[in-house]
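Source file: work_9.txt. Holds: compact mmCIF, C-alpha atoms.
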```txt
# COMPACT_ATOMS: atom_id res chain seq x y z
CA MET A 1 -60.29 2.78 55.65
CA ASN A 2 -63.09 5.31 55.84
CA VAL A 3 -61.07 7.96 54.01
CA VAL A 4 -60.32 5.49 51.24
CA VAL A 5 -63.99 4.61 50.98
CA ILE A 6 -65.07 8.24 50.73
CA VAL A 7 -62.44 9.06 48.09
CA CYS A 8 -63.31 6.00 46.03
CA ILE A 9 -67.03 6.72 46.20
CA ILE A 10 -66.40 10.25 44.93
CA VAL A 11 -64.28 8.87 42.08
CA SER A 12 -67.03 6.37 41.26
CA VAL A 13 -69.62 9.13 41.16
CA VAL A 14 -67.42 11.07 38.72
CA SER A 15 -67.01 7.94 36.56
CA ALA A 16 -70.75 7.40 36.57
CA GLY A 17 -71.27 11.00 35.53
CA LEU A 18 -68.89 10.56 32.59
CA CYS A 19 -70.69 7.39 31.50
CA ILE A 20 -74.04 9.17 31.65
CA ALA A 21 -72.54 12.02 29.62
CA ARG A 22 -71.59 9.58 26.89
CA ALA A 23 -75.02 7.95 27.09
CA LEU A 24 -76.62 11.33 26.50
CA LEU A 25 -74.14 12.55 23.88
CA GLY A 26 -73.27 9.40 21.96
CA PRO A 27 -74.43 9.99 18.44
CA THR A 28 -75.43 6.39 17.83
CA VAL A 29 -77.26 3.69 19.74
CA PRO A 30 -74.22 1.39 20.21
CA ASP A 31 -72.39 4.31 21.84
CA ARG A 32 -75.20 4.70 24.33
CA ALA A 33 -75.41 0.95 24.88
CA ILE A 34 -71.77 0.60 25.74
CA ALA A 35 -71.93 3.67 27.97
CA LEU A 36 -74.79 2.10 29.93
CA ASP A 37 -72.91 -1.19 30.18
CA ALA A 38 -69.96 0.71 31.63
CA LEU A 39 -72.35 2.52 33.95
CA VAL A 40 -73.51 -0.81 35.34
CA VAL A 41 -69.88 -1.78 35.94
CA VAL A 42 -69.24 1.51 37.76
CA LEU A 43 -72.35 0.89 39.83
CA VAL A 44 -71.20 -2.60 40.79
CA ASN A 45 -67.83 -1.08 41.62
CA GLY A 46 -69.53 1.31 44.03
CA ILE A 47 -71.48 -1.51 45.64
CA GLY A 48 -68.24 -3.46 45.98
CA ILE A 49 -66.67 -0.54 47.85
CA MET A 50 -69.60 -0.45 50.27
CA ALA A 51 -69.41 -4.22 50.73
CA ALA A 52 -65.72 -3.91 51.56
CA ARG A 53 -66.45 -1.22 54.13
CA ASP A 54 -69.11 -3.25 55.91
CA GLY A 55 -67.27 -6.54 55.69
CA ASP A 56 -70.49 -8.53 55.68
CA GLY A 57 -71.96 -10.28 52.69
CA LEU A 58 -75.27 -8.48 52.43
CA LEU A 59 -74.44 -6.68 49.20
CA VAL A 60 -72.60 -9.50 47.48
CA ASP A 61 -75.79 -11.03 46.12
CA ALA A 62 -76.70 -7.66 44.67
CA ILE A 63 -73.26 -7.49 43.02
CA LEU A 64 -73.80 -10.82 41.29
CA VAL A 65 -77.31 -10.12 40.12
CA ILE A 66 -76.76 -6.56 38.91
CA GLY A 67 -73.58 -7.51 37.11
CA LEU A 68 -75.25 -10.32 35.19
CA LEU A 69 -78.41 -8.33 34.45
CA GLY A 70 -76.34 -5.50 33.06
CA PHE A 71 -74.81 -7.89 30.57
CA VAL A 72 -78.22 -9.27 29.57
CA ALA A 73 -79.49 -5.74 29.03
CA THR A 74 -76.56 -4.97 26.73
CA LEU A 75 -77.31 -8.14 24.76
CA ALA A 76 -80.95 -7.14 24.39
CA VAL A 77 -80.06 -3.66 23.15
CA SER A 78 -77.60 -5.12 20.67
CA ARG A 79 -80.17 -7.50 19.15
CA PHE A 80 -82.79 -4.76 19.08
CA THR A 81 -80.44 -2.35 17.33
CA GLU A 82 -79.50 -4.93 14.76
CA SER A 83 -83.07 -5.39 13.67
CA ARG A 84 -83.91 -1.70 13.74
CA GLY A 85 -80.79 0.15 12.64
CA SER A 86 -78.68 2.38 14.84
CA SER A 87 -79.81 5.89 13.95
CA MET B 88 -53.87 -4.63 59.32
CA ILE B 89 -52.02 -5.99 56.28
CA ALA B 90 -55.35 -7.20 54.94
CA ASP B 91 -56.80 -3.71 55.31
CA ILE B 92 -53.92 -2.11 53.47
CA ALA B 93 -54.01 -4.66 50.66
CA SER B 94 -57.74 -4.29 50.39
CA ALA B 95 -57.56 -0.50 50.28
CA LEU B 96 -54.85 -0.60 47.63
CA LEU B 97 -56.83 -2.97 45.40
CA ILE B 98 -59.98 -0.91 45.75
CA VAL B 99 -58.20 2.34 44.93
CA LEU B 100 -56.55 0.81 41.88
CA GLY B 101 -59.80 -0.72 40.72
CA THR B 102 -61.76 2.47 41.11
CA LEU B 103 -59.10 4.47 39.29
CA LEU B 104 -59.26 2.01 36.40
CA THR B 105 -63.02 2.41 36.12
CA LEU B 106 -62.42 6.16 36.10
CA VAL B 107 -60.02 5.66 33.19
CA ALA B 108 -62.68 3.57 31.46
CA ALA B 109 -65.24 6.35 31.85
CA LEU B 110 -62.70 8.95 30.72
CA GLY B 111 -61.96 6.86 27.66
CA LEU B 112 -65.66 6.70 26.90
CA VAL B 113 -65.80 10.46 26.75
CA ARG B 114 -62.46 11.29 25.19
CA LEU B 115 -61.86 8.65 22.51
CA PRO B 116 -62.98 9.54 19.01
CA ASP B 117 -65.09 6.67 17.74
CA PHE B 118 -67.23 3.80 18.92
CA PHE B 119 -64.66 1.04 18.62
CA ALA B 120 -62.02 2.90 20.61
CA ARG B 121 -64.59 3.48 23.33
CA GLY B 122 -65.32 -0.22 23.23
CA HIS B 123 -61.65 -0.88 23.99
CA ALA B 124 -61.83 1.36 27.05
CA ALA B 125 -65.13 0.03 28.32
CA THR B 126 -64.15 -3.61 27.93
CA LYS B 127 -60.59 -3.76 29.19
CA ALA B 128 -60.38 -1.08 31.84
CA ALA B 129 -63.81 -1.66 33.32
CA THR B 130 -63.26 -5.42 33.56
CA LEU B 131 -59.90 -5.24 35.28
CA GLY B 132 -60.99 -2.34 37.47
CA LEU B 133 -64.06 -4.19 38.67
CA SER B 134 -62.05 -7.35 39.27
CA LEU B 135 -59.51 -5.47 41.39
CA THR B 136 -62.23 -3.80 43.45
CA LEU B 137 -64.08 -7.06 44.04
CA SER B 138 -60.81 -8.76 44.99
CA GLY B 139 -60.21 -6.02 47.53
CA ALA B 140 -63.72 -6.52 48.83
CA ALA B 141 -63.23 -10.28 48.98
CA ILE B 142 -60.31 -9.82 51.37
CA GLN B 143 -62.61 -8.00 53.75
CA MET B 144 -65.33 -10.62 53.77
CA SER B 145 -65.78 -12.47 57.04
CA ASN B 146 -67.71 -15.36 55.52
CA ARG B 147 -65.95 -17.81 53.18
CA GLY B 148 -69.09 -18.24 51.09
CA ASP B 149 -69.13 -14.56 50.17
CA VAL B 150 -65.61 -14.88 48.79
CA ALA B 151 -66.92 -17.62 46.49
CA LYS B 152 -69.75 -15.37 45.33
CA LEU B 153 -67.37 -12.52 44.59
CA ALA B 154 -65.06 -14.89 42.72
CA LEU B 155 -68.08 -15.94 40.67
CA ALA B 156 -68.89 -12.29 39.94
CA VAL B 157 -65.32 -11.67 38.76
CA ILE B 158 -65.35 -14.74 36.49
CA ALA B 159 -68.76 -13.73 35.13
CA GLN B 160 -67.45 -10.27 34.33
CA PHE B 161 -64.42 -11.67 32.49
CA LEU B 162 -66.61 -13.96 30.45
CA THR B 163 -69.38 -11.50 29.61
CA ALA B 164 -67.65 -8.17 28.97
CA PRO B 165 -65.79 -9.28 25.81
CA VAL B 166 -68.94 -10.95 24.51
CA ALA B 167 -70.96 -7.76 25.00
CA SER B 168 -68.38 -5.64 23.20
CA HIS B 169 -68.15 -8.23 20.42
CA LEU B 170 -71.90 -8.19 19.83
CA LEU B 171 -72.17 -4.43 19.98
CA GLY B 172 -69.16 -4.03 17.70
CA ARG B 173 -70.62 -6.39 15.13
CA THR B 174 -73.97 -4.63 15.28
CA ALA B 175 -72.34 -1.23 14.97
CA HIS B 176 -70.28 -2.22 11.95
CA ARG B 177 -73.23 -3.89 10.29
CA THR B 178 -75.39 -0.80 10.64
CA GLY B 179 -72.64 1.32 9.11
CA ILE B 180 -71.31 3.29 12.05
CA ALA B 181 -68.93 6.18 11.37
CA LEU B 182 -65.26 5.29 11.90
CA SER B 183 -62.86 7.89 13.27
CA GLU B 184 -60.62 9.75 10.85
CA HIS B 185 -57.68 7.84 12.31
CA THR B 186 -58.91 4.59 10.82
CA VAL B 187 -56.60 3.34 8.12
CA LEU B 188 -58.08 0.08 6.91
CA ASP B 189 -61.35 -1.77 7.03
CA GLU B 190 -61.34 -5.37 5.87
CA LEU B 191 -64.62 -6.47 7.35
CA VAL B 192 -67.28 -7.23 4.79
CA ASP B 193 -70.65 -7.52 6.47
CA GLU B 194 -72.89 -10.38 5.60
CA PRO B 195 -76.54 -10.09 6.51
CA ASP B 196 -77.41 -12.00 9.64
CA PRO B 197 -79.93 -14.70 8.64
CA THR B 198 -81.76 -14.55 11.98
CA THR B 199 -82.58 -10.85 11.79
CA VAL B 200 -83.05 -10.25 8.08
CA ALA B 201 -85.97 -12.65 7.84
CA LYS B 202 -87.80 -11.04 10.73
CA ASP B 203 -89.71 -8.00 9.57
CA LEU B 204 -91.15 -6.02 12.45
CA LYS B 205 -94.48 -4.70 11.25
CA MET C 206 -77.87 -34.74 26.18
CA ASN C 207 -75.16 -33.70 23.83
CA VAL C 208 -73.17 -31.55 26.23
CA PRO C 209 -69.61 -32.08 27.36
CA ARG C 210 -69.00 -33.08 30.98
CA GLY C 211 -66.98 -29.92 31.61
CA VAL C 212 -69.99 -27.70 31.00
CA ALA C 213 -72.15 -29.65 33.44
CA VAL C 214 -69.45 -29.60 36.11
CA ALA C 215 -68.87 -25.86 35.64
CA CYS C 216 -72.61 -25.15 35.98
CA TYR C 217 -72.78 -27.24 39.13
CA VAL C 218 -69.81 -25.49 40.71
CA ALA C 219 -71.35 -22.12 39.81
CA TRP C 220 -74.60 -23.17 41.50
CA LEU C 221 -72.78 -24.10 44.69
CA ALA C 222 -70.79 -20.85 44.58
CA MET C 223 -73.95 -18.83 44.20
CA TRP C 224 -75.52 -20.35 47.29
CA ALA C 225 -72.13 -20.14 49.02
CA ASP C 226 -73.01 -23.07 51.24
CA ILE C 227 -72.17 -26.74 50.67
CA SER C 228 -75.07 -28.49 52.39
CA VAL C 229 -77.20 -31.45 51.45
CA PRO C 230 -80.16 -29.42 50.10
CA ASN C 231 -77.79 -27.39 47.91
CA ILE C 232 -76.05 -30.50 46.60
CA LEU C 233 -79.32 -32.12 45.62
CA SER C 234 -80.96 -28.98 44.24
CA GLY C 235 -77.78 -28.35 42.26
CA ILE C 236 -78.24 -31.61 40.39
CA VAL C 237 -81.85 -30.69 39.59
CA ALA C 238 -80.93 -27.14 38.54
CA VAL C 239 -78.08 -28.24 36.29
CA ALA C 240 -80.31 -30.87 34.70
CA VAL C 241 -82.97 -28.25 33.97
CA VAL C 242 -80.43 -25.81 32.52
CA LEU C 243 -78.89 -28.47 30.28
CA TRP C 244 -82.28 -29.67 29.09
CA VAL C 245 -83.39 -26.14 28.22
CA SER C 246 -80.12 -25.29 26.50
CA SER C 247 -80.16 -28.49 24.47
CA ALA C 248 -82.34 -26.55 22.05
CA LEU C 249 -79.32 -24.39 21.20
CA PRO C 250 -77.00 -25.45 18.37
CA THR C 251 -74.15 -27.54 19.76
CA SER C 252 -70.86 -28.54 18.29
CA THR C 253 -69.81 -32.14 17.86
CA ILE C 254 -66.11 -31.38 18.28
CA ARG C 255 -64.71 -32.73 21.52
CA HIS C 256 -61.59 -31.36 23.11
CA ARG C 257 -58.78 -32.53 25.29
CA LEU C 258 -57.64 -30.36 28.16
CA HIS C 259 -53.93 -29.94 28.88
CA PRO C 260 -53.22 -28.62 32.41
CA VAL C 261 -49.75 -27.36 31.54
CA GLY C 262 -51.04 -25.48 28.49
CA LEU C 263 -53.87 -24.12 30.59
CA ALA C 264 -51.48 -22.79 33.21
CA GLY C 265 -49.37 -21.18 30.48
CA LEU C 266 -52.45 -19.65 28.88
CA PHE C 267 -53.55 -18.22 32.22
CA GLY C 268 -50.10 -16.72 32.79
CA HIS C 269 -50.08 -15.07 29.36
CA PHE C 270 -53.60 -13.86 30.00
CA VAL C 271 -52.76 -12.09 33.24
CA ARG C 272 -49.62 -10.51 31.76
CA LEU C 273 -51.43 -9.28 28.63
CA LEU C 274 -54.43 -8.05 30.62
CA VAL C 275 -52.24 -5.82 32.78
CA LEU C 276 -50.27 -4.65 29.73
CA SER C 277 -53.45 -3.85 27.80
CA ASN C 278 -54.75 -1.71 30.62
CA TRP C 279 -51.43 0.06 30.87
CA THR C 280 -51.45 0.98 27.14
CA LEU C 281 -55.11 1.96 27.42
CA VAL C 282 -54.38 4.33 30.33
CA LYS C 283 -51.58 5.93 28.29
CA THR C 284 -53.81 6.28 25.22
CA THR C 285 -56.68 7.77 27.19
CA LEU C 286 -54.55 10.29 29.02
CA HIS C 287 -52.50 11.26 25.95
CA PRO C 288 -54.61 10.69 22.83
CA THR C 289 -51.98 11.27 20.14
CA PRO C 290 -52.69 10.47 16.47
CA THR C 291 -50.24 7.56 16.45
CA ALA C 292 -51.89 6.08 19.51
CA LEU C 293 -55.35 6.49 17.99
CA ARG C 294 -54.44 5.07 14.59
CA SER C 295 -56.91 2.22 14.11
CA ALA C 296 -57.81 -0.41 11.59
CA ILE C 297 -60.21 -3.29 11.20
CA ILE C 298 -58.36 -6.30 9.94
CA ALA C 299 -59.10 -9.90 9.07
CA ALA C 300 -56.92 -12.55 10.70
CA PRO C 301 -57.14 -16.15 9.54
CA LEU C 302 -57.55 -18.94 12.07
CA THR C 303 -56.28 -22.47 11.64
CA GLN C 304 -59.26 -24.48 12.86
CA ARG C 305 -63.05 -24.29 13.06
CA SER C 306 -63.72 -25.41 16.62
CA PRO C 307 -66.24 -23.03 18.23
CA LEU C 308 -64.79 -23.49 21.72
CA VAL C 309 -61.23 -22.62 20.70
CA SER C 310 -62.44 -19.71 18.57
CA THR C 311 -64.52 -18.36 21.45
CA ILE C 312 -61.59 -18.51 23.84
CA VAL C 313 -59.35 -16.83 21.26
CA ALA C 314 -61.96 -14.12 20.60
CA ASN C 315 -62.43 -13.39 24.30
CA PHE C 316 -58.68 -13.41 24.86
CA ILE C 317 -58.16 -11.00 21.94
CA SER C 318 -60.65 -8.55 23.41
CA LEU C 319 -58.59 -8.35 26.58
CA THR C 320 -55.13 -8.02 25.01
CA PRO C 321 -53.33 -4.79 24.17
CA GLY C 322 -54.87 -2.82 21.36
CA THR C 323 -57.27 -5.36 19.94
CA LEU C 324 -61.01 -5.95 20.13
CA THR C 325 -62.86 -8.80 18.45
CA LEU C 326 -65.57 -7.80 16.02
CA ASP C 327 -66.61 -10.96 14.23
CA VAL C 328 -65.76 -14.62 13.98
CA ARG C 329 -66.69 -16.61 10.88
CA LEU C 330 -66.27 -20.36 10.92
CA ASP C 331 -68.64 -21.42 8.15
CA GLU C 332 -67.75 -24.16 5.77
CA PRO C 333 -66.86 -22.86 2.33
CA ASP C 334 -64.69 -19.94 3.47
CA GLU C 335 -61.49 -19.93 5.46
CA PRO C 336 -62.11 -19.53 9.23
CA MET C 337 -61.56 -15.86 9.95
CA LEU C 338 -61.45 -13.55 12.95
CA TYR C 339 -62.11 -9.85 12.42
CA LEU C 340 -60.69 -7.44 14.92
CA HIS C 341 -60.37 -3.71 15.51
CA VAL C 342 -56.86 -2.57 16.37
CA LEU C 343 -56.16 0.60 18.36
CA GLY C 344 -52.61 1.79 17.97
CA PHE C 345 -52.18 0.16 14.62
CA THR C 346 -48.71 -0.45 13.23
CA ASP C 347 -49.10 -2.99 10.46
CA VAL C 348 -51.38 -5.81 9.43
CA GLU C 349 -48.88 -8.62 9.68
CA ALA C 350 -48.00 -7.81 13.30
CA ALA C 351 -51.64 -8.02 14.33
CA ARG C 352 -52.15 -11.26 12.41
CA ALA C 353 -49.04 -12.70 14.07
CA ASP C 354 -50.49 -11.78 17.49
CA VAL C 355 -53.71 -13.63 16.68
CA ALA C 356 -51.80 -16.67 15.45
CA GLN C 357 -49.69 -16.74 18.61
CA ILE C 358 -52.73 -16.50 20.87
CA GLU C 359 -54.39 -19.28 18.92
CA ARG C 360 -51.30 -21.45 19.42
CA TRP C 361 -51.42 -20.81 23.18
CA VAL C 362 -55.10 -21.72 23.32
CA LEU C 363 -54.58 -24.85 21.24
CA ALA C 364 -51.83 -25.87 23.65
CA ALA C 365 -54.41 -25.71 26.42
CA VAL C 366 -57.60 -26.96 24.75
CA THR C 367 -56.98 -29.22 21.77
CA PRO C 368 -59.72 -30.51 19.48
CA ARG C 369 -59.67 -34.29 19.42
CA ALA C 370 -58.79 -34.52 15.74
CA LEU C 371 -55.69 -32.40 16.13
CA ALA C 372 -54.77 -34.15 19.36
CA ASP C 373 -54.88 -37.51 17.64
CA ILE C 374 -52.66 -36.22 14.87
CA ALA C 375 -50.19 -34.76 17.35
CA ASP C 376 -49.98 -38.01 19.23
CA GLY C 377 -48.27 -39.63 16.31
CA PRO C 378 -48.72 -40.93 12.80
CA HIS C 379 -49.52 -44.44 14.02
CA ARG C 380 -52.98 -43.36 15.12
CA ALA C 381 -55.82 -43.47 12.62
CA THR C 382 -55.76 -40.53 10.25
CA VAL C 383 -58.72 -38.17 10.25
CA GLU C 384 -60.15 -37.05 6.94
CA GLY C 385 -59.55 -33.48 6.00
CA ALA C 386 -57.36 -32.62 8.98
CA THR C 387 -54.00 -31.07 8.19
CA PRO C 388 -51.17 -31.45 10.71
```
Using the file provided, produce a representation of the structure as structure tokens.
Amino acid sequence: MNVVVIVCIIVSVVSAGLCIARALLGPTVPDRAIALDALVVVLVNGIGIMAARDGDGLLVDAILVIGLLGFVATLAVSRFTESRGSS
Amino acid sequence: MIADIASALLIVLGTLLTLVAALGLVRLPDFFARGHAATKAATLGLSLTLSGAAIQMSNRGDVAKLALAVIAQFLTAPVASHLLGRTAHRTGIALSEHTVLDELVDEPDPTTVAKDLK
Amino acid sequence: MNVPRGVAVACYVAWLAMWADISVPNILSGIVAVAVVLWVSSALPTSTIRHRLHPVGLAGLFGHFVRLLVLSNWTLVKTTLHPTPTALRSAIIAAPLTQRSPLVSTIVANFISLTPGTLTLDVRLDEPDEPMLYLHVLGFTDVEAARADVAQIERWVLAAVTPRALADIADGPHRATVEGATP
């Protein structure tokens, strides 16, 4: 189990790096917004791996809250962009 | 033992799918294609990982919380991509050169046009 | 409060799942919390269309959903790893819907976003125009195929969650006819 956890955490770090790359590169604001939304999902994925390793429910509340807040943040960026333009 | 193997398999699959989502974000040519990757692959990948984690939970209540997180992700990810996609099209985002047809005619959103941020 | 029972029940179950503990304080505080949420959200626009739930249709919809979700991720993995021009050929198309119920349209829109090659962009249900769903297709072949996919998904959803007007029509011509509804 520990080997699996280490490999998956490394893969998650690589995924997070790719999402951040798109957030920095993405020529428009919606590109960056969706990259950050995906980053939150990768983050929750990483927390889920750690929760599976420990087997106790300490991190599960964090999973719920961060997942939902990530969505709310994406909504806020979308409404903001719509009223400002996505240059 | 079986639970550990099943759990490990689900987590590996889920993490690989989120890697594919991130790869798609970087490789695909325009915003809408990246939206496809971020919505579908990230949602299923996260759900697989959380299912693998749910198998490992010792407390039944935590399984319910993880199930709630999975359902929340399924409900919210398409909505987020829908809103961002609509915003992007309305503000005239560049479509990739592979795009063949565009039938969407934007109408101004009455709730944002009236508001003028001074 | 003009909210269907299903919404209140779903909120209550979500409250209990979040606390992960079915005890007397949680049961009572759940009632208070759901009442507060419904009262606050009563300021949002609601729809007056009521629906009937069909368990068999719901099970079928869920089955199609799981199959299409796995298939969509499989095509997405292939497209991401081998981005060929045919795989990346995209289009934004307009697909007509057959009814104006917000609940059915929302389920169809969410379903479409998780099926192979399609992503919902806009849903327009306003009165004078035909109800329309706009979607972005990745791996585009032709317009009619995509519109047929949308129509099929809408049929599956209507088999699971039917607006009352259509359900009354389907139950037989001896029931009272509803103005403006077409069978």
Select, as a list in words, those residues of chain C with any atom no more than 12 Å from chain A (distances computed using all atoms listed in the file).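 In the required form, that comes to Ala219, Ala222, Met223, Trp224 and Ala225 of chain C.
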Name the residues, using the chain letters and numbers of the file, that sit within 8 Å of (-65.4, -13.9, 47.0) when counting all atoms listed in the file, and give them as a count of residues only. 15
I need the chain B residues near chain C as a CSV table (one decimal) with C-alpha atoms, keeping the file's coordinate frame; criterion: at most 8 Å, counting all atoms listed in the file.
```
chain,number,residue,atom,x,y,z
B,107,VAL,CA,-60.0,5.7,33.2
B,110,LEU,CA,-62.7,9.0,30.7
B,111,GLY,CA,-62.0,6.9,27.7
B,114,ARG,CA,-62.5,11.3,25.2
B,115,LEU,CA,-61.9,8.6,22.5
B,119,PHE,CA,-64.7,1.0,18.6
B,120,ALA,CA,-62.0,2.9,20.6
B,122,GLY,CA,-65.3,-0.2,23.2
B,123,HIS,CA,-61.6,-0.9,24.0
B,124,ALA,CA,-61.8,1.4,27.0
B,126,THR,CA,-64.2,-3.6,27.9
B,127,LYS,CA,-60.6,-3.8,29.2
B,128,ALA,CA,-60.4,-1.1,31.8
B,131,LEU,CA,-59.9,-5.2,35.3
B,147,ARG,CA,-66.0,-17.8,53.2
B,148,GLY,CA,-69.1,-18.2,51.1
B,149,ASP,CA,-69.1,-14.6,50.2
B,151,ALA,CA,-66.9,-17.6,46.5
B,152,LYS,CA,-69.8,-15.4,45.3
B,155,LEU,CA,-68.1,-15.9,40.7
B,162,LEU,CA,-66.6,-14.0,30.4
B,165,PRO,CA,-65.8,-9.3,25.8
B,166,VAL,CA,-68.9,-11.0,24.5
B,168,SER,CA,-68.4,-5.6,23.2
B,169,HIS,CA,-68.2,-8.2,20.4
B,170,LEU,CA,-71.9,-8.2,19.8
B,172,GLY,CA,-69.2,-4.0,17.7
B,173,ARG,CA,-70.6,-6.4,15.1
B,185,HIS,CA,-57.7,7.8,12.3
B,186,THR,CA,-58.9,4.6,10.8
B,187,VAL,CA,-56.6,3.3,8.1
B,188,LEU,CA,-58.1,0.1,6.9
B,189,ASP,CA,-61.4,-1.8,7.0
B,190,GLU,CA,-61.3,-5.4,5.9
B,191,LEU,CA,-64.6,-6.5,7.4
```
One decimal place gives the atom CA of Ile158 of chain B-atom CA of Met88 of chain B separation as 27.5 Å
Give me, as JSON lines, each residue of chain A that comes within 8 Å of chain B, together with its shortest interatomic pair and the distance in Å at one decimal, counting only C-alpha atoms, with rows ordered by chain and rising residue number.
```
{"residue": "A:Met1", "atom": "CA", "partner": "B:Ala95", "partner_atom": "CA", "distance": 6.9}
{"residue": "A:Val4", "atom": "CA", "partner": "B:Ala95", "partner_atom": "CA", "distance": 6.7}
{"residue": "A:Cys8", "atom": "CA", "partner": "B:Thr102", "partner_atom": "CA", "distance": 6.3}
{"residue": "A:Val11", "atom": "CA", "partner": "B:Leu106", "partner_atom": "CA", "distance": 6.8}
{"residue": "A:Ser12", "atom": "CA", "partner": "B:Thr102", "partner_atom": "CA", "distance": 6.6}
{"residue": "A:Val14", "atom": "CA", "partner": "B:Leu106", "partner_atom": "CA", "distance": 7.5}
{"residue": "A:Ser15", "atom": "CA", "partner": "B:Leu106", "partner_atom": "CA", "distance": 4.9}
{"residue": "A:Ala16", "atom": "CA", "partner": "B:Ala109", "partner_atom": "CA", "distance": 7.3}
{"residue": "A:Leu18", "atom": "CA", "partner": "B:Ala109", "partner_atom": "CA", "distance": 5.6}
{"residue": "A:Cys19", "atom": "CA", "partner": "B:Ala109", "partner_atom": "CA", "distance": 5.6}
{"residue": "A:Ala21", "atom": "CA", "partner": "B:Val113", "partner_atom": "CA", "distance": 7.5}
{"residue": "A:Arg22", "atom": "CA", "partner": "B:Val113", "partner_atom": "CA", "distance": 5.9}
{"residue": "A:Thr28", "atom": "CA", "partner": "B:Ile180", "partner_atom": "CA", "distance": 7.7}
{"residue": "A:Pro30", "atom": "CA", "partner": "B:Ala175", "partner_atom": "CA", "distance": 6.2}
{"residue": "A:Asp31", "atom": "CA", "partner": "B:Phe118", "partner_atom": "CA", "distance": 6.0}
{"residue": "A:Ala33", "atom": "CA", "partner": "B:Leu171", "partner_atom": "CA", "distance": 8.0}
{"residue": "A:Ile34", "atom": "CA", "partner": "B:Gly122", "partner_atom": "CA", "distance": 7.0}
{"residue": "A:Ala35", "atom": "CA", "partner": "B:Leu112", "partner_atom": "CA", "distance": 7.0}
{"residue": "A:Ala38", "atom": "CA", "partner": "B:Ala125", "partner_atom": "CA", "distance": 5.9}
{"residue": "A:Val41", "atom": "CA", "partner": "B:Ala129", "partner_atom": "CA", "distance": 6.6}
{"residue": "A:Val42", "atom": "CA", "partner": "B:Thr105", "partner_atom": "CA", "distance": 6.5}
{"residue": "A:Val44", "atom": "CA", "partner": "B:Leu133", "partner_atom": "CA", "distance": 7.6}
{"residue": "A:Asn45", "atom": "CA", "partner": "B:Leu133", "partner_atom": "CA", "distance": 5.7}
{"residue": "A:Gly48", "atom": "CA", "partner": "B:Leu137", "partner_atom": "CA", "distance": 5.8}
{"residue": "A:Ile49", "atom": "CA", "partner": "B:Ala140", "partner_atom": "CA", "distance": 6.7}
{"residue": "A:Ala51", "atom": "CA", "partner": "B:Ala140", "partner_atom": "CA", "distance": 6.4}
{"residue": "A:Ala52", "atom": "CA", "partner": "B:Ala140", "partner_atom": "CA", "distance": 4.3}
{"residue": "A:Arg53", "atom": "CA", "partner": "B:Gln143", "partner_atom": "CA", "distance": 7.8}
{"residue": "A:Gly55", "atom": "CA", "partner": "B:Met144", "partner_atom": "CA", "distance": 4.9}
{"residue": "A:Asp56", "atom": "CA", "partner": "B:Met144", "partner_atom": "CA", "distance": 5.9}
{"residue": "A:Gly57", "atom": "CA", "partner": "B:Asp149", "partner_atom": "CA", "distance": 5.7}
{"residue": "A:Val60", "atom": "CA", "partner": "B:Leu153", "partner_atom": "CA", "distance": 6.7}
{"residue": "A:Asp61", "atom": "CA", "partner": "B:Lys152", "partner_atom": "CA", "distance": 7.5}
{"residue": "A:Ile63", "atom": "CA", "partner": "B:Ala156", "partner_atom": "CA", "distance": 7.2}
{"residue": "A:Leu64", "atom": "CA", "partner": "B:Ala156", "partner_atom": "CA", "distance": 5.3}
{"residue": "A:Gly67", "atom": "CA", "partner": "B:Ala156", "partner_atom": "CA", "distance": 7.3}
{"residue": "A:Leu68", "atom": "CA", "partner": "B:Ala159", "partner_atom": "CA", "distance": 7.3}
{"residue": "A:Phe71", "atom": "CA", "partner": "B:Thr163", "partner_atom": "CA", "distance": 6.6}
{"residue": "A:Thr74", "atom": "CA", "partner": "B:Ala167", "partner_atom": "CA", "distance": 6.5}
{"residue": "A:Leu75", "atom": "CA", "partner": "B:Ala167", "partner_atom": "CA", "distance": 6.4}
{"residue": "A:Ser78", "atom": "CA", "partner": "B:Leu171", "partner_atom": "CA", "distance": 5.5}
{"residue": "A:Arg79", "atom": "CA", "partner": "B:Thr174", "partner_atom": "CA", "distance": 7.9}
{"residue": "A:Thr81", "atom": "CA", "partner": "B:Thr174", "partner_atom": "CA", "distance": 7.2}
{"residue": "A:Glu82", "atom": "CA", "partner": "B:Thr174", "partner_atom": "CA", "distance": 5.6}
{"residue": "A:Ser83", "atom": "CA", "partner": "B:Thr199", "partner_atom": "CA", "distance": 5.8}
{"residue": "A:Gly85", "atom": "CA", "partner": "B:Thr178", "partner_atom": "CA", "distance": 5.8}
{"residue": "A:Ser86", "atom": "CA", "partner": "B:Thr178", "partner_atom": "CA", "distance": 6.2}
```
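Coordinates place atom CA of Ala23 of chain A at a distance of 14.6 Å from atom CA of Pro116 of chain B.
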Report, in Å to a single decimal, how far apart atom CA of Arg369 of chain C and atom CA of His259 of chain C are.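 Interatomic distance, atom CA of His259 of chain C to atom CA of Arg369 of chain C: 11.9 Å.
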Box for segment 303-315 of chain C: with edges along x, y and z, all listed atoms inside and 8 Å added on each side, what are the centre and edge lengths in Å to one decimal, as JSON?
```
{"center_x": -61.3, "center_y": -19.4, "center_z": 18.0, "size_x": 26.0, "size_y": 28.0, "size_z": 28.7}
```
